[in-house]
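Visitor: Next up, model.txt (compact mmCIF, C-alpha atoms (C1' of nucleotides)).
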# COMPACT_ATOMS: atom_id res chain seq x y z
CA MET X 28 61.01 -12.84 -40.30
CA GLY X 29 63.73 -14.03 -42.56
CA GLN X 30 63.85 -10.68 -44.25
CA SER X 31 66.90 -8.53 -44.09
CA PHE X 32 67.07 -5.10 -42.58
CA TYR X 33 66.88 -3.79 -46.12
CA GLU X 34 63.63 -5.47 -46.99
CA GLN X 35 62.08 -4.47 -43.71
CA VAL X 36 62.91 -0.88 -44.48
CA TYR X 37 61.40 -1.20 -47.94
CA GLU X 38 58.25 -2.63 -46.49
CA ILE X 39 57.80 0.14 -43.97
CA VAL X 40 58.50 2.84 -46.51
CA ARG X 41 55.93 1.34 -48.82
CA LEU X 42 53.46 1.44 -45.94
CA ILE X 43 53.80 5.18 -45.61
CA PRO X 44 50.39 6.64 -46.43
CA LYS X 45 50.07 9.15 -49.21
CA GLY X 46 50.56 12.68 -48.05
CA ARG X 47 52.62 11.56 -45.06
CA VAL X 48 56.30 11.42 -44.39
CA THR X 49 58.62 9.79 -41.92
CA SER X 50 62.22 10.04 -40.83
CA TYR X 51 65.15 7.66 -41.13
CA VAL X 52 65.40 7.31 -37.39
CA ALA X 53 61.70 6.45 -37.11
CA ILE X 54 62.08 3.58 -39.53
CA ALA X 55 65.26 2.37 -37.96
CA ARG X 56 63.70 2.59 -34.54
CA SER X 57 60.68 0.57 -35.59
CA LEU X 58 63.11 -2.12 -36.66
CA GLY X 59 64.87 -2.01 -33.31
CA ALA X 60 67.94 -0.24 -34.63
CA ALA X 61 67.43 3.41 -33.84
CA LYS X 62 71.16 3.92 -34.07
CA SER X 63 71.17 2.65 -37.61
CA SER X 64 69.40 5.63 -39.05
CA ARG X 65 72.09 6.01 -41.67
CA MET X 66 71.59 2.48 -42.76
CA VAL X 67 68.01 3.33 -43.68
CA GLY X 68 69.24 5.90 -46.14
CA TYR X 69 71.69 3.35 -47.42
CA ALA X 70 68.98 0.76 -47.89
CA MET X 71 66.84 3.30 -49.63
CA ARG X 72 69.52 3.93 -52.16
CA HIS X 73 69.21 0.31 -53.16
CA GLY X 74 65.46 0.41 -52.67
CA ALA X 75 65.18 3.22 -55.19
CA GLU X 76 66.08 0.66 -57.80
CA ALA X 77 64.46 -2.26 -56.04
CA HIS X 78 61.29 -3.95 -57.11
CA PRO X 79 58.81 -2.79 -56.39
CA PRO X 80 60.35 0.67 -55.94
CA VAL X 81 59.85 2.35 -52.59
CA PRO X 82 58.48 5.89 -52.14
CA ALA X 83 61.78 7.20 -50.90
CA HIS X 84 60.49 10.71 -51.39
CA ARG X 85 58.35 10.19 -48.31
CA VAL X 86 61.40 9.60 -46.19
CA VAL X 87 63.27 12.63 -44.95
CA ASN X 88 65.75 13.35 -42.22
CA ALA X 89 64.86 14.07 -38.60
CA GLN X 90 64.29 17.72 -39.43
CA GLY X 91 62.03 17.07 -42.36
CA LEU X 92 64.72 18.18 -44.76
CA LEU X 93 65.01 16.53 -48.17
CA THR X 94 68.66 15.84 -47.73
CA GLY X 95 68.61 13.04 -50.26
CA LYS X 96 66.76 14.81 -52.99
CA PHE X 97 69.97 15.05 -54.97
CA HIS X 98 69.86 11.33 -55.36
CA PHE X 99 66.70 11.54 -57.37
CA SER X 100 66.57 12.23 -61.06
CA PRO X 101 66.02 14.99 -61.32
CA PRO X 102 66.52 16.07 -57.70
CA GLU X 103 63.51 18.32 -57.89
CA MET X 104 61.31 15.33 -58.50
CA MET X 105 61.35 14.51 -54.80
CA GLU X 106 59.64 17.67 -53.64
CA GLN X 107 57.44 17.56 -56.69
CA LEU X 108 56.22 14.11 -55.78
CA LEU X 109 55.59 15.25 -52.21
CA GLU X 110 53.61 18.25 -53.31
CA ASN X 111 51.75 16.02 -55.70
CA GLU X 112 50.61 14.03 -52.69
CA GLY X 113 49.55 17.09 -50.74
CA VAL X 114 52.80 17.67 -48.89
CA THR X 115 54.04 21.23 -48.92
CA VAL X 116 57.77 21.62 -49.38
CA GLU X 117 59.56 24.86 -48.72
CA LYS X 118 63.27 25.39 -49.11
CA ASP X 119 63.85 21.63 -49.40
CA LYS X 120 62.01 21.22 -46.13
CA VAL X 121 58.65 19.59 -45.44
CA LYS X 122 56.19 22.09 -44.08
CA ASP X 123 54.31 21.00 -40.94
CA PHE X 124 56.63 18.04 -40.81
CA LYS X 125 55.51 17.12 -37.31
CA ARG X 126 51.89 17.29 -38.37
CA ILE X 127 52.12 14.94 -41.31
CA PHE X 128 54.79 12.84 -39.69
CA TRP X 129 53.99 9.14 -39.85
CA ASP X 130 55.60 7.04 -37.17
CA PRO X 131 55.68 3.34 -38.11
CA ALA X 132 56.38 2.41 -34.50
CA VAL X 133 53.08 4.04 -33.54
CA GLU X 134 50.92 3.44 -36.58
CA LEU X 135 51.95 -0.17 -36.58
C1' DT E 19 80.40 22.82 -38.30
C1' DT E 20 82.80 18.88 -36.89
C1' DA E 21 83.06 14.38 -34.91
C1' DA E 22 81.05 9.98 -34.00
C1' DT E 23 78.37 6.07 -35.58
C1' DG E 24 76.23 1.50 -37.70
C1' DA E 25 75.68 -1.42 -41.29
C1' DC E 26 76.37 -2.44 -46.26
C1' DC E 27 79.50 -3.15 -50.32
C1' DT E 28 83.96 -4.02 -52.70
C1' DC E 29 88.50 -5.57 -52.89
C1' DC E 30 92.54 -8.10 -51.70
C1' DG E 31 95.09 -12.00 -49.27
C1' DT L 16 86.37 -20.60 -51.55
C1' DC L 17 86.43 -18.13 -47.24
C1' DG L 18 87.95 -14.30 -44.21
C1' DG L 19 89.26 -9.70 -42.95
C1' DA L 20 89.85 -4.62 -43.66
C1' DG L 21 88.67 -0.26 -45.60
C1' DG L 22 85.63 2.95 -47.63
C1' DC L 23 81.17 4.89 -48.30
C1' DC L 24 76.76 7.65 -46.76
C1' DA L 25 70.01 10.06 -48.73
C1' DT L 26 72.25 10.89 -40.44
C1' DT L 27 72.29 12.66 -35.92
C1' DA L 28 73.62 15.48 -32.05
Starting from the coordinates I provided, produce the structure as structure tokens.
Guide:
Amino acid sequence: MGQSFYEQVYEIVRLIPKGRVTSYVAIARSLGAAKSSRMVGYAMRHGAEAHPPVPAHRVVNAQGLLTGKFHFSPPEMMEQLLENEGVTVEKDKVKDFKRIFWDPAVEL
DNA sequence: TTAATGACCTCCG
DNA sequence: TCGGAGGCCATTA
């Protein structure tokens, strides 16, 4: 695996099934860097403009909150994309987060 | 809410 | 050209 942490994050995020979501810590943990949860968000910021683009809207914080929605354009697009995939978002939070949660460390 | 944390990016020497 | 330090952040507890 000569890929960087970045690219590994991109890959996992792109593997997130439609209608599912995951958390930064889950991705980081699957890469063996559970303490680097912040880095995942950092990588995503680059990934948002990477090619191919990653479904960053499927990645939320540990509480299922769309903390990074303000980084989208427009910010409301994030929850709109989620709802478009069958994910219910209420008050910037993913409903039934635990139910639709997709853990790469388990699914993979 | 505040403090701590881990890795990336940019800048200067 | 290479090295080191500081700042930044879509987090977590």
Visitor: May I ask which of the residues X:Gly74, X:Pro80, X:Gly95, X:Pro44 is the closest one to Lys120 in chain X, counting all atoms listed in the file?
Guide: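 Ranked by minimum distance to Lys120 in chain X, first place goes to X:Gly95.
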Visitor: Could you tell me which residues of chain X sit within 12 Å of chain L when counting all atoms listed in the file, and give me the result as an MDAnalysis selection string?
Guide: chainID X and resid 50:53 55 61:75 83:90 92:99 102 105
Visitor: Would you export the selected residues with C-alpha atoms as a short mmCIF file (atom, residue, chain, number, x, y, z; two decimals), keeping the file's coordinate frame, please?
Guide:
data_model
loop_
_atom_site.label_atom_id
_atom_site.label_comp_id
_atom_site.auth_asym_id
_atom_site.auth_seq_id
_atom_site.Cartn_x
_atom_site.Cartn_y
_atom_site.Cartn_z
CA SER X 50 62.22 10.04 -40.83
CA TYR X 51 65.15 7.66 -41.13
CA VAL X 52 65.40 7.31 -37.39
CA ALA X 53 61.70 6.45 -37.11
CA ALA X 55 65.26 2.37 -37.96
CA ALA X 61 67.43 3.41 -33.84
CA LYS X 62 71.16 3.92 -34.07
CA SER X 63 71.17 2.65 -37.61
CA SER X 64 69.40 5.63 -39.05
CA ARG X 65 72.09 6.01 -41.67
CA MET X 66 71.59 2.48 -42.76
CA VAL X 67 68.01 3.33 -43.68
CA GLY X 68 69.24 5.90 -46.14
CA TYR X 69 71.69 3.35 -47.42
CA ALA X 70 68.98 0.76 -47.89
CA MET X 71 66.84 3.30 -49.63
CA ARG X 72 69.52 3.93 -52.16
CA HIS X 73 69.21 0.31 -53.16
CA GLY X 74 65.46 0.41 -52.67
CA ALA X 75 65.18 3.22 -55.19
CA ALA X 83 61.78 7.20 -50.90
CA HIS X 84 60.49 10.71 -51.39
CA ARG X 85 58.35 10.19 -48.31
CA VAL X 86 61.40 9.60 -46.19
CA VAL X 87 63.27 12.63 -44.95
CA ASN X 88 65.75 13.35 -42.22
CA ALA X 89 64.86 14.07 -38.60
CA GLN X 90 64.29 17.72 -39.43
CA LEU X 92 64.72 18.18 -44.76
CA LEU X 93 65.01 16.53 -48.17
CA THR X 94 68.66 15.84 -47.73
CA GLY X 95 68.61 13.04 -50.26
CA LYS X 96 66.76 14.81 -52.99
CA PHE X 97 69.97 15.05 -54.97
CA HIS X 98 69.86 11.33 -55.36
CA PHE X 99 66.70 11.54 -57.37
CA PRO X 102 66.52 16.07 -57.70
CA MET X 105 61.35 14.51 -54.80
#
Visitor: Between chain E and chain X, at 12 Å or less, what are the per-residue closest atom pairs and their distances in Å? Count all atoms listed in the file, order by chain and rising residue number, and return it as JSON lines.
Guide:
{"residue": "E:DA22", "atom": "C1'", "partner": "X:Lys62", "partner_atom": "CA", "distance": 11.6}
{"residue": "E:DT23", "atom": "C1'", "partner": "X:Lys62", "partner_atom": "CA", "distance": 7.7}
{"residue": "E:DG24", "atom": "C1'", "partner": "X:Ser63", "partner_atom": "CA", "distance": 5.2}
{"residue": "E:DA25", "atom": "C1'", "partner": "X:Met66", "partner_atom": "CA", "distance": 5.8}
{"residue": "E:DC26", "atom": "C1'", "partner": "X:Tyr69", "partner_atom": "CA", "distance": 7.5}
{"residue": "E:DC27", "atom": "C1'", "partner": "X:Tyr69", "partner_atom": "CA", "distance": 10.6}
Visitor: Around all the atoms of chain E listed in the file, draw an axis-aligned box and extend it by 4 Å on each of the six sides; I want its centre and edge lengths in Å to one decimal, as AutoDock Vina command-line options.
Guide:
--center_x 85.4 --center_y 5.4 --center_z -43.4 --size_x 27.4 --size_y 42.8 --size_z 26.9
Visitor: State, in Å with one decimal place, the distance from CA of Glu134 in chain X to CA of Glu34 in chain X.
Guide: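 CA of Glu134 in chain X sits 18.7 Å away from CA of Glu34 in chain X.
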Visitor: Record the distance separating CA of Ile39 in chain X and CA of Glu76 in chain X, expressed in Å with one decimal.
Guide: 16.1 Å
Visitor: Could you give me, as a list in words, the residues that have an atom at most 9 Å away from the point (61.1, 21.0, -48.3) in the coordinates of the file, using only C-alpha atoms (C1' of nucleotides)?
Guide: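 Output: Gly91, Leu92, Leu93, Glu106, Leu109, Val114, Thr115, Val116, Glu117, Lys118, Asp119, Lys120, Val121 and Lys122 of chain X.
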Visitor: Have a look at CA of Val133 in chain X and CA of Pro82 in chain X and let me know their distance in Å, one decimal.
Guide: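 Between CA of Val133 in chain X and CA of Pro82 in chain X the gap is 19.5 Å.
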Visitor: Please provide as a list in words all residues within 7 Å of Glu112 in chain X, with the sequence filter that same-chain residues fewer than 3 positions apart are discarded (counting all atoms listed in the file).
Guide: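 In the requested form, the answer reads Lys45, Gly46, Leu108 and Leu109 of chain X.
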